[in-house]
Amino acid sequence: MTEAQQQRTHVLRGPLLSFLNDPGEGDSPDPGSVLHLEDGAIWIEGGHIRAIGDYRELAPSLPQGIEVVDYSGKLMMPGFIDSHVHYVQLDIMASYGRQLLDWLNEYTFPEECRFAQQAHAENVAEAFLDEQLRVGTTTAQVFCTSHPVSVDTFFAAARQRGLRMLAGKVLMDRNAPEGLTDTVADGIRDSERLIGDWHGKDRLGYTLTPRFAPTSTAAQLDATGGILRNAPDLHLQTHLSENQGEIAWVAELFPDCQDYLGVYERYGLVGPRSTFAHGIHLTQEMRNRLAAAGANVAFCPTSNLFLGSGLFDRQACRDAGLNTTLASDVGGGTDLSGLATLKAAYQVGQLLGQPLTAWQGFYRLTLGNARALHLDAHIGSLRAGAEADIVVLDPRATPLLERRSARTRNLAEQLFALMMLGDDRTVFATWANGRCVHRRQTPAPLA
Ligand code: GUN
Ligand code: ZN
């Protein structure tokens, strides 16, 4: 083995959990859906997992003298995935007192105007990625702004860190400040240039990103659908049926369309790689149409609570066979952490009489999101051949969590305590592309 190979070969030893399939909604996971090893090992070579298994079984085949990173007492899982987040809204998180449309006008659009400047975009992109890794999120589908430089900057920063990321330039040619709007021609030209420069480069992928129906003309949506038709391996994300004021506005702007979803359907934007953020106020018939297209709806619970948008009906989506993904939607969301997202998702579920099990929650955050985004060939599970993106959770991260973890009687209770009491401190380490990219600082002892 060369020295370079040796430097990129690691063995992580400790408890591990990964999903093989959807565990279902029951208190116990469906048979065969979970891989849990008390004393597991992940053998990493380069950016990939070479082998995984029980440590004692794998030990004889490990390279001589290889250093073993000891994560005993921790819990290793696939890196978390955030299916919908705005990196450019990091600095306006927690802006007080407005619902969607006023929040956009008062806080969001003025902040997004600043991303015409590369230096600002670089500063925020680095801070955003630092935060993502601190909370164990290794892949996200990311809104930039309408400025191409906001996209170049984000992709360059993600590539430098070896991350798998989806992102794209926001398309918006009306109903927003001049500093944010593009035109049909410029939006398409810039998107095509960015696709050429970034799509498929290392671990990066391009997501076409019309902001939402009110900020695009019919001509812009039509042109976006044209790109997608010619390049069906691209992703697409936008917003759908988040807020009643928004829905009424769409009905005014597109009186010929059957409903809000009908706008996106008319222009060819609803396909298997399309993510629709929110989807709170949908009829079952709309859910059926989304399901038939193979699209996914991103459940963004902290955002829905913060902006007062409503309660997402996860069960109705499941009944329709519609894929749901989990997302932070920062800066409408109040937390980048996947654990915080699970906590809010559980609370929303409780209000609707549909509590989220920890099994279902952690499945969605990992393999479920990977499948819905068509990334499961690469990420979302711990298995030989997968990319080595791993989060290491610490069930004793805080004195309180340590007390609670001591009382748990089985893995289901432990996972539930992690999702309800966990936060950034719970993330002991994060690995991406086979490298340790975040290690929690141990607080200095008091003098
Ligand atoms: N709808 C259109 N733009 C946005 C946005 O930036 N955040 C949220 N939550 N909804 C939107
Ligand atoms: Zn959003």
# chains A, B, ... in the order shown; residues from 1 in each chain; ligands from 1
$ residues_near_ligand --ligand "ligand 2" --cutoff "8 Å" --atoms "only C-alpha atoms and all ligand atoms" --output "PyMOL selection string"
chain A and resi 84-86+143+238-239+277-278+329-332
$ select_by_dssp --residues "stretch 73-112 of chain A" --states "strand (DSSP E or B)" --output "JSON, numbers by chain"
{"A": [75, 76, 77, 78, 80, 81, 82, 83, 84, 85, 86]}
$ write_last_selection --atoms "all heavy atoms" --output "compact mmCIF listing (two decimals), in the first residue's frame"
# COMPACT_ATOMS: atom_id res chain seq x y z
N LEU A 75 -22.60 6.11 18.37
CA LEU A 75 -23.45 5.43 17.39
C LEU A 75 -23.16 6.01 16.00
O LEU A 75 -23.39 7.21 15.77
CB LEU A 75 -24.93 5.61 17.74
CG LEU A 75 -25.92 4.92 16.80
CD1 LEU A 75 -25.71 3.40 16.78
CD2 LEU A 75 -27.37 5.25 17.20
N MET A 76 -22.64 5.15 15.11
CA MET A 76 -22.33 5.61 13.75
C MET A 76 -23.55 5.38 12.85
O MET A 76 -24.20 4.35 12.94
CB MET A 76 -21.14 4.82 13.20
CG MET A 76 -19.89 4.99 14.03
SD MET A 76 -18.45 4.19 13.28
CE MET A 76 -18.66 2.48 13.78
N MET A 77 -23.81 6.36 12.02
CA MET A 77 -24.92 6.28 11.05
C MET A 77 -24.46 6.91 9.74
O MET A 77 -23.49 7.65 9.73
CB MET A 77 -26.11 7.12 11.54
CG MET A 77 -26.97 6.48 12.56
SD MET A 77 -28.49 7.48 12.69
CE MET A 77 -28.84 7.19 14.38
N PRO A 78 -25.21 6.66 8.67
CA PRO A 78 -24.91 7.39 7.43
C PRO A 78 -25.08 8.89 7.67
O PRO A 78 -25.94 9.30 8.46
CB PRO A 78 -25.98 6.89 6.45
CG PRO A 78 -26.54 5.66 7.06
CD PRO A 78 -26.38 5.77 8.54
N PHE A 80 -26.31 12.60 7.54
CA PHE A 80 -27.70 13.05 7.35
C PHE A 80 -27.83 13.83 6.03
O PHE A 80 -26.87 14.42 5.54
CB PHE A 80 -28.13 13.95 8.51
CG PHE A 80 -28.15 13.24 9.85
CD1 PHE A 80 -27.91 13.94 11.03
CD2 PHE A 80 -28.41 11.88 9.94
CE1 PHE A 80 -27.94 13.31 12.26
CE2 PHE A 80 -28.44 11.23 11.17
CZ PHE A 80 -28.20 11.95 12.33
N ILE A 81 -29.07 13.81 5.50
CA ILE A 81 -29.37 14.47 4.22
C ILE A 81 -30.49 15.48 4.44
O ILE A 81 -31.49 15.16 5.08
CB ILE A 81 -29.79 13.40 3.18
CG1 ILE A 81 -28.67 12.37 2.98
CG2 ILE A 81 -30.16 14.07 1.85
CD1 ILE A 81 -29.09 11.12 2.21
N ASP A 82 -30.30 16.67 3.93
CA ASP A 82 -31.30 17.75 4.04
C ASP A 82 -31.82 18.02 2.63
O ASP A 82 -31.07 18.49 1.76
CB ASP A 82 -30.60 18.99 4.63
CG ASP A 82 -31.55 20.14 4.92
OD1 ASP A 82 -32.68 20.14 4.38
OD2 ASP A 82 -31.16 21.05 5.67
N SER A 83 -33.09 17.72 2.38
CA SER A 83 -33.58 17.75 0.99
C SER A 83 -33.94 19.14 0.49
O SER A 83 -34.21 19.32 -0.70
CB SER A 83 -34.79 16.83 0.83
OG SER A 83 -35.91 17.36 1.51
N HIS A 84 -33.92 20.15 1.39
CA HIS A 84 -34.30 21.50 0.93
C HIS A 84 -33.81 22.54 1.94
O HIS A 84 -34.31 22.61 3.07
CB HIS A 84 -35.82 21.58 0.77
CG HIS A 84 -36.32 22.96 0.49
ND1 HIS A 84 -36.29 23.53 -0.76
CD2 HIS A 84 -36.85 23.90 1.30
CE1 HIS A 84 -36.79 24.75 -0.70
NE2 HIS A 84 -37.13 25.00 0.54
N VAL A 85 -32.85 23.36 1.53
CA VAL A 85 -32.31 24.37 2.44
C VAL A 85 -31.74 25.53 1.61
O VAL A 85 -31.27 25.32 0.50
CB VAL A 85 -31.23 23.74 3.36
CG1 VAL A 85 -30.08 23.12 2.57
CG2 VAL A 85 -30.69 24.73 4.39
N HIS A 86 -31.83 26.74 2.17
CA HIS A 86 -31.32 27.93 1.48
C HIS A 86 -30.03 28.38 2.19
O HIS A 86 -30.12 28.99 3.27
CB HIS A 86 -32.33 29.07 1.57
CG HIS A 86 -33.70 28.76 1.03
ND1 HIS A 86 -34.21 29.36 -0.10
CD2 HIS A 86 -34.67 27.91 1.47
CE1 HIS A 86 -35.45 28.90 -0.34
NE2 HIS A 86 -35.74 28.02 0.62
$ closest_residue --among "A:Arg287, A:Arg98, A:Lys343, A:Arg409" --to "A:Leu322" --atoms "only C-alpha atoms"
A:Arg287
$ closest_residue --among "A:Val11, A:Ala156, A:Met286, A:Leu326" --to "A:Arg371" --atoms "only C-alpha atoms"
A:Leu326
$ select_by_dssp --residues "stretch 367-409 of chain A" --states "helix (DSSP H, G or I)" --output "PDB file with N, CA, C and O atoms, in the first residue's frame"
ATOM      1  N   LEU A 367     -31.435   6.960   4.437  1.00  0.00           N
ATOM      2  CA  LEU A 367     -31.761   6.231   3.204  1.00  0.00           C
ATOM      3  C   LEU A 367     -33.039   6.753   2.535  1.00  0.00           C
ATOM      4  O   LEU A 367     -33.123   6.808   1.299  1.00  0.00           O
ATOM      5  N   GLY A 368     -34.033   7.148   3.331  1.00  0.00           N
ATOM      6  CA  GLY A 368     -35.287   7.630   2.746  1.00  0.00           C
ATOM      7  C   GLY A 368     -35.051   8.867   1.880  1.00  0.00           C
ATOM      8  O   GLY A 368     -35.523   8.944   0.735  1.00  0.00           O
ATOM      9  N   ASN A 369     -34.328   9.841   2.429  1.00  0.00           N
ATOM     10  CA  ASN A 369     -34.027  11.034   1.641  1.00  0.00           C
ATOM     11  C   ASN A 369     -33.152  10.683   0.436  1.00  0.00           C
ATOM     12  O   ASN A 369     -33.348  11.210  -0.665  1.00  0.00           O
ATOM     13  N   ALA A 370     -32.191   9.791   0.632  1.00  0.00           N
ATOM     14  CA  ALA A 370     -31.307   9.406  -0.484  1.00  0.00           C
ATOM     15  C   ALA A 370     -32.118   8.766  -1.613  1.00  0.00           C
ATOM     16  O   ALA A 370     -31.919   9.090  -2.790  1.00  0.00           O
ATOM     17  N   ARG A 371     -33.040   7.895  -1.257  1.00  0.00           N
ATOM     18  CA  ARG A 371     -33.858   7.248  -2.296  1.00  0.00           C
ATOM     19  C   ARG A 371     -34.726   8.257  -3.027  1.00  0.00           C
ATOM     20  O   ARG A 371     -34.811   8.246  -4.256  1.00  0.00           O
ATOM     21  N   ALA A 372     -35.399   9.096  -2.276  1.00  0.00           N
ATOM     22  CA  ALA A 372     -36.315  10.055  -2.906  1.00  0.00           C
ATOM     23  C   ALA A 372     -35.564  11.006  -3.829  1.00  0.00           C
ATOM     24  O   ALA A 372     -36.121  11.492  -4.814  1.00  0.00           O
ATOM     25  N   PRO A 399     -24.828  16.238  30.151  1.00  0.00           N
ATOM     26  CA  PRO A 399     -25.222  15.546  31.388  1.00  0.00           C
ATOM     27  C   PRO A 399     -26.665  15.048  31.337  1.00  0.00           C
ATOM     28  O   PRO A 399     -26.967  13.934  31.756  1.00  0.00           O
ATOM     29  N   LEU A 400     -27.546  15.847  30.774  1.00  0.00           N
ATOM     30  CA  LEU A 400     -28.949  15.452  30.709  1.00  0.00           C
ATOM     31  C   LEU A 400     -29.140  14.241  29.793  1.00  0.00           C
ATOM     32  O   LEU A 400     -29.823  13.270  30.141  1.00  0.00           O
ATOM     33  N   LEU A 401     -28.522  14.308  28.620  1.00  0.00           N
ATOM     34  CA  LEU A 401     -28.670  13.199  27.672  1.00  0.00           C
ATOM     35  C   LEU A 401     -28.045  11.933  28.253  1.00  0.00           C
ATOM     36  O   LEU A 401     -28.558  10.820  28.039  1.00  0.00           O
ATOM     37  N   GLU A 402     -26.986  12.099  29.003  1.00  0.00           N
ATOM     38  CA  GLU A 402     -26.349  10.939  29.635  1.00  0.00           C
ATOM     39  C   GLU A 402     -27.317  10.273  30.629  1.00  0.00           C
ATOM     40  O   GLU A 402     -27.470   9.054  30.656  1.00  0.00           O
ATOM     41  N   ARG A 403     -27.990  11.099  31.424  1.00  0.00           N
ATOM     42  CA  ARG A 403     -28.967  10.549  32.379  1.00  0.00           C
ATOM     43  C   ARG A 403     -30.088   9.824  31.628  1.00  0.00           C
ATOM     44  O   ARG A 403     -30.478   8.727  31.976  1.00  0.00           O
ATOM     45  N   ARG A 404     -30.595  10.491  30.579  1.00  0.00           N
ATOM     46  CA  ARG A 404     -31.717   9.895  29.840  1.00  0.00           C
ATOM     47  C   ARG A 404     -31.293   8.616  29.134  1.00  0.00           C
ATOM     48  O   ARG A 404     -32.029   7.619  29.125  1.00  0.00           O
ATOM     49  N   SER A 405     -30.103   8.656  28.539  1.00  0.00           N
ATOM     50  CA  SER A 405     -29.620   7.465  27.818  1.00  0.00           C
ATOM     51  C   SER A 405     -29.441   6.289  28.776  1.00  0.00           C
ATOM     52  O   SER A 405     -29.686   5.133  28.398  1.00  0.00           O
ATOM     53  N   ALA A 406     -29.050   6.580  30.009  1.00  0.00           N
ATOM     54  CA  ALA A 406     -28.849   5.507  30.993  1.00  0.00           C
ATOM     55  C   ALA A 406     -30.168   4.793  31.285  1.00  0.00           C
ATOM     56  O   ALA A 406     -30.185   3.630  31.677  1.00  0.00           O
ATOM     57  N   ARG A 407     -31.273   5.471  31.111  1.00  0.00           N
ATOM     58  CA  ARG A 407     -32.592   4.882  31.390  1.00  0.00           C
ATOM     59  C   ARG A 407     -33.173   4.123  30.207  1.00  0.00           C
ATOM     60  O   ARG A 407     -34.196   3.476  30.340  1.00  0.00           O
TER      61      ARG A 407
END
$ decode --residues "stretch 40-122 of chain A" --atoms "C-alpha atoms" --output "compact mmCIF listing (two decimals), in the first residue's frame"
# COMPACT_ATOMS: atom_id res chain seq x y z
CA GLY A 40 -19.26 -2.82 14.24
CA ALA A 41 -16.45 -1.77 11.96
CA ILE A 42 -16.42 0.44 8.89
CA TRP A 43 -13.35 -0.03 6.71
CA ILE A 44 -12.85 3.09 4.61
CA GLU A 45 -10.55 3.26 1.61
CA GLY A 46 -10.34 6.52 -0.30
CA GLY A 47 -13.77 8.08 -0.36
CA HIS A 48 -15.66 4.80 -0.14
CA ILE A 49 -16.59 2.11 2.33
CA ARG A 50 -14.62 -0.98 1.42
CA ALA A 51 -16.25 -3.30 3.92
CA ILE A 52 -18.53 -3.20 6.90
CA GLY A 53 -19.31 -5.79 9.53
CA ASP A 54 -18.88 -7.06 13.00
CA TYR A 55 -15.46 -5.87 14.20
CA ARG A 56 -14.24 -9.28 15.30
CA GLU A 57 -15.26 -10.89 12.03
CA LEU A 58 -13.67 -8.15 9.93
CA ALA A 59 -10.46 -7.83 12.00
CA PRO A 60 -8.49 -10.66 10.29
CA SER A 61 -8.90 -9.06 6.86
CA LEU A 62 -7.90 -5.52 7.91
CA PRO A 63 -4.53 -4.20 6.69
CA GLN A 64 -1.64 -4.83 9.09
CA GLY A 65 -0.95 -1.96 11.46
CA ILE A 66 -4.00 0.03 10.44
CA GLU A 67 -5.09 2.56 13.02
CA VAL A 68 -8.55 1.87 14.40
CA VAL A 69 -10.60 4.90 15.42
CA ASP A 70 -12.45 3.94 18.58
CA TYR A 71 -16.07 5.07 18.69
CA SER A 72 -17.20 2.68 21.38
CA GLY A 73 -20.13 4.10 23.31
CA LYS A 74 -21.10 6.22 20.28
CA LEU A 75 -23.45 5.43 17.39
CA MET A 76 -22.33 5.61 13.75
CA MET A 77 -24.92 6.28 11.05
CA PRO A 78 -24.91 7.39 7.43
CA GLY A 79 -24.41 11.16 7.14
CA PHE A 80 -27.70 13.05 7.35
CA ILE A 81 -29.37 14.47 4.22
CA ASP A 82 -31.30 17.75 4.04
CA SER A 83 -33.58 17.75 0.99
CA HIS A 84 -34.30 21.50 0.93
CA VAL A 85 -32.31 24.37 2.44
CA HIS A 86 -31.32 27.93 1.48
CA TYR A 87 -27.64 28.53 2.29
CA VAL A 88 -28.09 32.21 1.49
CA GLN A 89 -30.59 32.63 4.34
CA LEU A 90 -28.19 31.58 7.09
CA ASP A 91 -27.87 35.11 8.44
CA ILE A 92 -31.59 35.88 8.52
CA MET A 93 -32.63 32.83 10.52
CA ALA A 94 -34.84 33.83 13.45
CA SER A 95 -36.24 37.04 11.93
CA TYR A 96 -39.31 37.95 13.97
CA GLY A 97 -42.97 37.99 13.45
CA ARG A 98 -43.98 37.48 9.83
CA GLN A 99 -45.62 34.85 7.68
CA LEU A 100 -44.28 33.78 4.31
CA LEU A 101 -44.95 36.65 1.89
CA ASP A 102 -44.07 39.45 4.32
CA TRP A 103 -41.07 37.48 5.56
CA LEU A 104 -39.80 37.21 1.99
CA ASN A 105 -40.20 40.91 1.32
CA GLU A 106 -38.91 42.22 4.64
CA TYR A 107 -36.02 39.92 5.39
CA THR A 108 -35.27 37.41 2.66
CA PHE A 109 -35.13 39.41 -0.54
CA PRO A 110 -32.96 42.22 0.91
CA GLU A 111 -30.50 39.63 2.24
CA GLU A 112 -30.42 37.67 -1.01
CA CYS A 113 -29.56 40.89 -2.90
CA ARG A 114 -26.19 40.84 -1.14
CA PHE A 115 -25.18 37.65 -2.95
CA ALA A 116 -24.29 39.62 -6.06
CA GLN A 117 -20.99 40.09 -4.22
CA GLN A 118 -18.63 37.17 -4.33
CA ALA A 119 -16.99 37.99 -1.00
CA HIS A 120 -20.32 37.84 0.81
CA ALA A 121 -21.27 34.59 -0.93
CA GLU A 122 -17.91 33.03 0.00
